[in-house]
>>> print(open('structure.cif').read())   # mmCIF, C-alpha atoms
data_run
#
loop_
_atom_site.label_atom_id
_atom_site.label_comp_id
_atom_site.auth_asym_id
_atom_site.auth_seq_id
_atom_site.Cartn_x
_atom_site.Cartn_y
_atom_site.Cartn_z
CA VAL Y 1 -81.52 150.75 2.82
CA SER Y 2 -81.35 154.35 1.71
CA GLN Y 3 -79.61 156.95 3.83
CA ALA Y 4 -81.55 160.13 4.62
CA PRO Y 5 -80.07 163.20 2.87
CA ASP Y 6 -79.50 165.08 6.12
CA ASP Y 7 -77.45 162.15 7.43
CA THR Y 8 -75.20 162.13 4.37
CA THR Y 9 -71.57 162.58 5.26
CA ALA Y 10 -68.80 163.71 2.99
CA VAL Y 11 -65.35 162.23 3.24
CA PRO Y 12 -62.29 163.69 1.55
CA PRO Y 13 -60.70 161.21 -0.85
CA ALA Y 14 -57.29 159.89 0.20
CA GLU Y 15 -55.64 161.57 -2.79
CA ALA Y 16 -56.89 165.03 -1.79
CA SER Y 17 -54.09 167.55 -1.88
CA PRO Y 18 -53.68 171.04 -0.47
CA GLY Y 19 -55.62 173.61 -2.41
CA PRO Y 20 -59.28 173.47 -3.34
CA LYS Y 21 -61.17 171.03 -1.16
CA VAL Y 22 -62.12 167.74 -2.84
CA LEU Y 23 -64.81 165.60 -1.26
CA SER Y 24 -66.96 162.57 -1.99
CA VAL Y 25 -70.63 162.41 -1.13
CA SER Y 26 -73.24 159.69 -1.70
CA LEU Y 27 -76.77 160.88 -2.37
CA PRO Y 28 -80.02 159.05 -3.09
CA LYS Y 29 -81.98 159.90 -6.21
CA PRO Y 30 -83.44 162.30 -7.13
CA LEU Y 31 -80.25 164.29 -6.67
CA GLY Y 32 -81.72 167.72 -7.40
CA ILE Y 33 -78.50 168.95 -8.99
CA VAL Y 34 -78.37 170.92 -12.23
CA LEU Y 35 -75.05 170.28 -13.96
CA GLU Y 36 -73.64 172.46 -16.72
CA GLU Y 37 -70.67 172.07 -19.01
CA ASP Y 38 -68.02 174.70 -19.66
CA GLY Y 39 -64.54 174.64 -21.15
CA ASP Y 40 -63.14 173.10 -17.96
CA GLY Y 41 -65.64 170.23 -17.63
CA LEU Y 42 -68.79 169.94 -15.53
CA PHE Y 43 -69.92 171.99 -12.56
CA VAL Y 44 -72.90 172.29 -10.22
CA ALA Y 45 -74.94 175.16 -11.64
CA GLU Y 46 -77.94 174.94 -9.32
CA ILE Y 47 -79.46 172.95 -6.44
CA VAL Y 48 -83.13 172.11 -6.97
CA GLU Y 49 -85.53 172.09 -4.05
CA GLY Y 50 -86.86 168.62 -3.27
CA GLY Y 51 -83.72 166.76 -4.34
CA SER Y 52 -81.36 165.09 -1.88
CA ALA Y 53 -78.63 167.70 -2.54
CA CYS Y 54 -80.95 170.40 -1.19
CA ASP Y 55 -80.58 168.95 2.32
CA CYS Y 56 -76.85 168.20 1.96
CA VAL Y 57 -74.61 170.98 3.25
CA THR Y 58 -71.60 169.67 1.33
CA VAL Y 59 -73.02 170.32 -2.16
CA TRP Y 60 -73.36 173.86 -3.47
CA PRO Y 61 -73.39 175.73 -6.80
CA GLY Y 62 -70.00 176.39 -8.33
CA GLN Y 63 -68.40 173.08 -7.32
CA ARG Y 64 -66.61 171.16 -10.08
CA LEU Y 65 -67.82 167.60 -10.70
CA GLU Y 66 -64.66 165.51 -10.62
CA ALA Y 67 -66.26 162.05 -10.88
CA VAL Y 68 -69.46 160.01 -10.68
CA ALA Y 69 -68.99 156.59 -9.05
CA GLY Y 70 -65.25 156.98 -9.57
CA GLU Y 71 -65.51 157.75 -13.30
CA SER Y 72 -64.51 161.17 -14.66
CA PHE Y 73 -66.64 162.98 -17.22
CA SER Y 74 -65.93 166.11 -19.24
CA GLU Y 75 -69.21 166.14 -21.19
CA LEU Y 76 -72.74 166.43 -19.83
CA GLU Y 77 -74.58 163.76 -21.83
CA PRO Y 78 -72.40 160.74 -20.91
CA CYS Y 79 -72.38 161.92 -17.28
CA MET Y 80 -76.17 162.10 -17.16
CA GLU Y 81 -76.45 158.63 -18.75
CA ALA Y 82 -74.10 157.21 -16.11
CA ILE Y 83 -76.09 158.80 -13.27
CA ALA Y 84 -79.35 157.45 -14.75
CA ALA Y 85 -77.88 153.93 -14.91
CA ILE Y 86 -76.88 153.89 -11.22
CA GLU Y 87 -79.31 152.14 -8.89
CA GLY Y 88 -79.41 153.35 -5.31
CA GLU Y 89 -77.13 156.11 -4.09
CA VAL Y 90 -74.91 158.07 -6.45
CA GLU Y 91 -71.33 158.76 -5.35
CA LEU Y 92 -70.16 162.19 -6.49
CA THR Y 93 -66.64 163.56 -6.18
CA LEU Y 94 -66.79 167.35 -6.03
CA LYS Y 95 -64.13 170.03 -5.90
CA ALA Y 96 -64.60 173.51 -4.48
CA PRO Y 97 -64.19 176.24 -7.09
CA GLU Y 98 -60.78 177.85 -7.40
CA PRO Y 99 -60.60 181.00 -5.30
CA LYS Y 100 -60.66 184.16 -7.36
CA ALA Y 101 -57.75 186.52 -7.12
CA PRO Y 102 -58.63 189.79 -5.40
CA PRO Y 103 -58.88 192.80 -7.69
CA PRO Y 104 -55.76 194.95 -7.94
CA PRO Y 105 -55.61 197.92 -5.59
CA PRO Y 106 -56.68 201.27 -7.05
CA PRO Y 107 -53.91 203.52 -8.30
CA PRO Y 108 -52.56 205.94 -5.74
CA ALA Y 109 -54.18 209.37 -5.59
CA PRO Y 110 -52.19 212.06 -7.36
CA THR Y 111 -50.07 214.23 -5.12
CA GLY Y 112 -49.10 217.84 -5.58
CA PRO Y 113 -50.98 220.67 -7.25
CA ALA Y 114 -53.56 219.91 -9.91
CA THR Y 115 -55.03 222.15 -12.57
CA VAL Y 116 -58.59 221.72 -13.78
CA ARG Y 117 -59.69 223.33 -17.01
CA VAL Y 118 -63.42 224.05 -17.29
CA VAL Y 119 -64.82 224.40 -20.80
CA GLN Y 120 -68.40 225.50 -21.36
CA GLU Y 121 -69.86 226.13 -24.75
CA GLY Y 122 -70.22 229.83 -25.46
CA LYS Y 123 -68.23 230.92 -22.41
CA PRO Y 124 -64.50 231.61 -21.95
CA ASP Y 125 -62.33 228.74 -20.62
CA MET Y 126 -61.50 228.81 -16.91
CA SER Y 127 -58.57 227.19 -15.16
CA LEU Y 128 -58.71 226.22 -11.50
CA SER Y 129 -55.62 225.37 -9.51
#
>>> encode(input="structure.cif", output="structure tokens")
Amino acid sequence: VSQAPDDTTAVPPAEASPGPKVLSVSLPKPLGIVLEEDGDGLFVAEIVEGGSACDCVTVWPGQRLEAVAGESFSELEPCMEAIAAIEGEVELTLKAPEPKAPPPPPPPAPTGPATVRVVQEGKPDMSLS
């Protein structure tokens, strides 16, 4: 019996630690997830309309793919082969992306008097204080 995508529930794995949220979700095929590979492994690049992930509020672009059916993958091709070989629902372990550090604050505005020198071609220089 296949579970409807909108009834899919995510449960945090027991080994989840503080920090980025790690969760497991089981989805029926077609998943509707576009995975991409970068230097850190695999991540959800896009959710495709019509797939079961489209109706699942716990899957979103940017999440890291930690495991498929309990097996970790760092390359796209073996991961896709494993997903294709699974019959029924596919268990995915996903991790929220690392939060980005806020940009540094702008430098403080200068204090005290300032002099501006205006230079125009063909005209004498002017200084404003």
>>> atom_distance(input="structure.cif", atom1="atom CA of Thr93 of chain Y", atom2="atom CA of Glu66 of chain Y")
5.2 Å
>>> residues_around(input="structure.cif", residues="segment 78-82 of chain Y", least_positions_apart="3", cutoff="9 Å", atoms="only C-alpha atoms", output="PDB file with C-alpha atoms, in the coordinates of the input")
ATOM      1  CA  LEU Y  35     -75.050 170.280 -13.960  1.00  0.00           C
ATOM      2  CA  LEU Y  42     -68.790 169.940 -15.530  1.00  0.00           C
ATOM      3  CA  ALA Y  67     -66.260 162.050 -10.880  1.00  0.00           C
ATOM      4  CA  VAL Y  68     -69.460 160.010 -10.680  1.00  0.00           C
ATOM      5  CA  ALA Y  69     -68.990 156.590  -9.050  1.00  0.00           C
ATOM      6  CA  GLU Y  71     -65.510 157.750 -13.300  1.00  0.00           C
ATOM      7  CA  SER Y  72     -64.510 161.170 -14.660  1.00  0.00           C
ATOM      8  CA  PHE Y  73     -66.640 162.980 -17.220  1.00  0.00           C
ATOM      9  CA  SER Y  74     -65.930 166.110 -19.240  1.00  0.00           C
ATOM     10  CA  GLU Y  75     -69.210 166.140 -21.190  1.00  0.00           C
ATOM     11  CA  ALA Y  85     -77.880 153.930 -14.910  1.00  0.00           C
ATOM     12  CA  ILE Y  86     -76.880 153.890 -11.220  1.00  0.00           C
TER      13      ILE Y  86
END
>>> residues_near_point(input="structure.cif", point="(-63.8, 173.0, -12.7)", cutoff="6 Å", atoms="only C-alpha atoms", output="ChimeraX atom specification")
/Y:40-41,64
>>> write_last_selection(input="structure.cif", atoms="C-alpha atoms", output="PDB file, in the frame of the given file")
ATOM      1  CA  ASP Y  40     -63.140 173.100 -17.960  1.00  0.00           C
ATOM      2  CA  GLY Y  41     -65.640 170.230 -17.630  1.00  0.00           C
ATOM      3  CA  ARG Y  64     -66.610 171.160 -10.080  1.00  0.00           C
TER       4      ARG Y  64
END
>>> resolve_selection(input="structure.cif", expression="the PyMOL selection byres ((chain Y and resi 33) around 8)", output="PyMOL selection string")
chain Y and resi 31-32+34-35+44-48+51+53
>>> atom_distance(input="structure.cif", atom1="atom CA of Ser26 of chain Y", atom2="atom CA of Lys100 of chain Y")
28.1 Å
>>> closest_residue(input="structure.cif", among="Y:Glu98, Y:Glu87, Y:Glu77, Y:Glu121", to="Gln63 of chain Y", atoms="only C-alpha atoms")
Y:Glu98
>>> resolve_selection(input="structure.cif", expression="the PyMOL selection byres ((chain Y and resi 90) around 7)", output="ChimeraX atom specification")
/Y:26-28,69,83,86,88-89,91-92
>>> atom_distance(input="structure.cif", atom1="atom CA of Val116 of chain Y", atom2="atom CA of Pro104 of chain Y")
27.5 Å
>>> axis_aligned_box(input="structure.cif", around="segment 60-65 of chain Y", padding_each_side="8 Å", output="JSON")
{"center_x": -70.0, "center_y": 172.0, "center_z": -7.1, "size_x": 22.8, "size_y": 24.8, "size_z": 23.2}
>>> closest_residue(input="structure.cif", among="Y:Pro113, Y:Pro108, Y:Pro97, Y:Gly50", to="Lys29 of chain Y", atoms="only C-alpha atoms")
Y:Gly50
>>> closest_residue(input="structure.cif", among="Y:Ala84, Y:Val25, Y:Pro30, Y:Asp125", to="Val57 of chain Y", atoms="all atoms listed in the file")
Y:Val25
>>> closest_residue(input="structure.cif", among="Y:Phe43, Y:Gln120, Y:Pro103, Y:Val22", to="Pro61 of chain Y", atoms="only C-alpha atoms")
Y:Phe43
>>> closest_residue(input="structure.cif", among="Y:Cys56, Y:Val119, Y:Leu23, Y:Met126", to="Lys95 of chain Y", atoms="only C-alpha atoms")
Y:Leu23
>>> decode(input="structure.cif", residues="segment 59-73 of chain Y", atoms="all heavy atoms", output="tab-separated table (two decimals), in the first residue's frame")
chain	number	residue	atom	x	y	z
Y	59	VAL	N	10.66	18.55	2.09
Y	59	VAL	CA	11.72	18.48	1.08
Y	59	VAL	C	11.74	19.80	0.33
Y	59	VAL	O	10.71	20.26	-0.16
Y	59	VAL	CB	11.48	17.32	0.10
Y	59	VAL	CG1	12.58	17.27	-0.95
Y	59	VAL	CG2	11.38	15.99	0.84
Y	60	TRP	N	12.93	20.42	0.25
Y	60	TRP	CA	13.03	21.69	-0.46
Y	60	TRP	C	14.43	21.84	-1.05
Y	60	TRP	O	15.38	21.19	-0.60
Y	60	TRP	CB	12.68	22.87	0.45
Y	60	TRP	CG	13.59	23.06	1.62
Y	60	TRP	CD1	14.75	23.78	1.65
Y	60	TRP	CD2	13.44	22.51	2.94
Y	60	TRP	NE1	15.33	23.72	2.89
Y	60	TRP	CE2	14.55	22.94	3.71
Y	60	TRP	CE3	12.49	21.70	3.54
Y	60	TRP	CZ2	14.72	22.58	5.03
Y	60	TRP	CZ3	12.67	21.34	4.87
Y	60	TRP	CH2	13.77	21.79	5.59
Y	61	PRO	N	14.57	22.67	-2.09
Y	61	PRO	CA	15.88	22.88	-2.70
Y	61	PRO	C	16.91	23.38	-1.69
Y	61	PRO	O	16.59	24.16	-0.80
Y	61	PRO	CB	15.60	23.94	-3.78
Y	61	PRO	CG	14.16	23.76	-4.11
Y	61	PRO	CD	13.51	23.39	-2.79
Y	62	GLY	N	18.12	22.92	-1.87
Y	62	GLY	CA	19.22	23.33	-1.00
Y	62	GLY	C	19.56	22.29	0.05
Y	62	GLY	O	20.65	22.32	0.61
Y	63	GLN	N	18.65	21.36	0.33
Y	63	GLN	CA	18.94	20.33	1.33
Y	63	GLN	C	20.03	19.39	0.82
Y	63	GLN	O	20.09	19.08	-0.37
Y	63	GLN	CB	17.69	19.51	1.66
Y	63	GLN	CG	16.66	20.26	2.46
Y	63	GLN	CD	15.41	19.42	2.68
Y	63	GLN	OE1	14.83	18.93	1.73
Y	63	GLN	NE2	15.02	19.26	3.92
Y	64	ARG	N	20.89	18.94	1.73
Y	64	ARG	CA	21.93	17.97	1.41
Y	64	ARG	C	21.31	16.57	1.49
Y	64	ARG	O	20.54	16.29	2.41
Y	64	ARG	CB	23.09	18.04	2.39
Y	64	ARG	CG	23.72	19.41	2.58
Y	64	ARG	CD	24.30	20.05	1.38
Y	64	ARG	NE	25.27	19.24	0.68
Y	64	ARG	CZ	25.90	19.66	-0.42
Y	64	ARG	NH1	25.69	20.86	-0.90
Y	64	ARG	NH2	26.75	18.88	-1.04
Y	65	LEU	N	21.64	15.70	0.54
Y	65	LEU	CA	21.19	14.32	0.58
Y	65	LEU	C	22.23	13.53	1.37
Y	65	LEU	O	23.35	13.34	0.92
Y	65	LEU	CB	21.03	13.75	-0.83
Y	65	LEU	CG	20.58	12.30	-0.89
Y	65	LEU	CD1	19.17	12.15	-0.31
Y	65	LEU	CD2	20.61	11.78	-2.31
Y	66	GLU	N	21.85	13.11	2.57
Y	66	GLU	CA	22.76	12.38	3.44
Y	66	GLU	C	22.77	10.89	3.11
Y	66	GLU	O	23.80	10.24	3.21
Y	66	GLU	CB	22.38	12.59	4.91
Y	66	GLU	CG	22.53	14.02	5.38
Y	66	GLU	CD	23.97	14.45	5.46
Y	66	GLU	OE1	24.75	13.81	6.20
Y	66	GLU	OE2	24.33	15.44	4.78
Y	67	ALA	N	21.58	10.32	2.77
Y	67	ALA	CA	21.52	8.89	2.49
Y	67	ALA	C	20.25	8.55	1.73
Y	67	ALA	O	19.25	9.26	1.80
Y	67	ALA	CB	21.56	8.09	3.80
Y	68	VAL	N	20.31	7.42	1.01
Y	68	VAL	CA	19.15	6.83	0.35
Y	68	VAL	C	19.03	5.42	0.91
Y	68	VAL	O	19.98	4.63	0.80
Y	68	VAL	CB	19.33	6.78	-1.19
Y	68	VAL	CG1	18.19	6.03	-1.84
Y	68	VAL	CG2	19.45	8.18	-1.75
Y	69	ALA	N	17.91	5.12	1.55
Y	69	ALA	CA	17.69	3.81	2.17
Y	69	ALA	C	18.84	3.44	3.09
Y	69	ALA	O	19.30	2.31	3.13
Y	69	ALA	CB	17.46	2.74	1.11
Y	70	GLY	N	19.35	4.44	3.81
Y	70	GLY	CA	20.41	4.20	4.79
Y	70	GLY	C	21.82	4.16	4.22
Y	70	GLY	O	22.79	4.04	4.95
Y	71	GLU	N	21.97	4.27	2.91
Y	71	GLU	CA	23.29	4.22	2.28
Y	71	GLU	C	23.69	5.63	1.82
Y	71	GLU	O	22.92	6.32	1.16
Y	71	GLU	CB	23.26	3.28	1.07
Y	71	GLU	CG	24.61	3.05	0.45
Y	71	GLU	CD	24.58	2.03	-0.68
Y	71	GLU	OE1	23.56	1.34	-0.86
Y	71	GLU	OE2	25.58	1.95	-1.41
Y	72	SER	N	24.92	6.02	2.16
Y	72	SER	CA	25.42	7.35	1.79
Y	72	SER	C	26.02	7.32	0.38
Y	72	SER	O	26.62	6.32	-0.02
Y	72	SER	CB	26.51	7.80	2.76
Y	72	SER	OG	25.95	7.96	4.04
Y	73	PHE	N	25.85	8.42	-0.32
Y	73	PHE	CA	26.40	8.56	-1.67
Y	73	PHE	C	27.05	9.93	-1.79
Y	73	PHE	O	26.52	10.91	-1.31
Y	73	PHE	CB	25.29	8.45	-2.73
Y	73	PHE	CG	24.66	7.09	-2.80
Y	73	PHE	CD1	23.51	6.82	-2.07
Y	73	PHE	CD2	25.22	6.09	-3.58
Y	73	PHE	CE1	22.93	5.57	-2.13
Y	73	PHE	CE2	24.63	4.84	-3.63
Y	73	PHE	CZ	23.49	4.57	-2.90
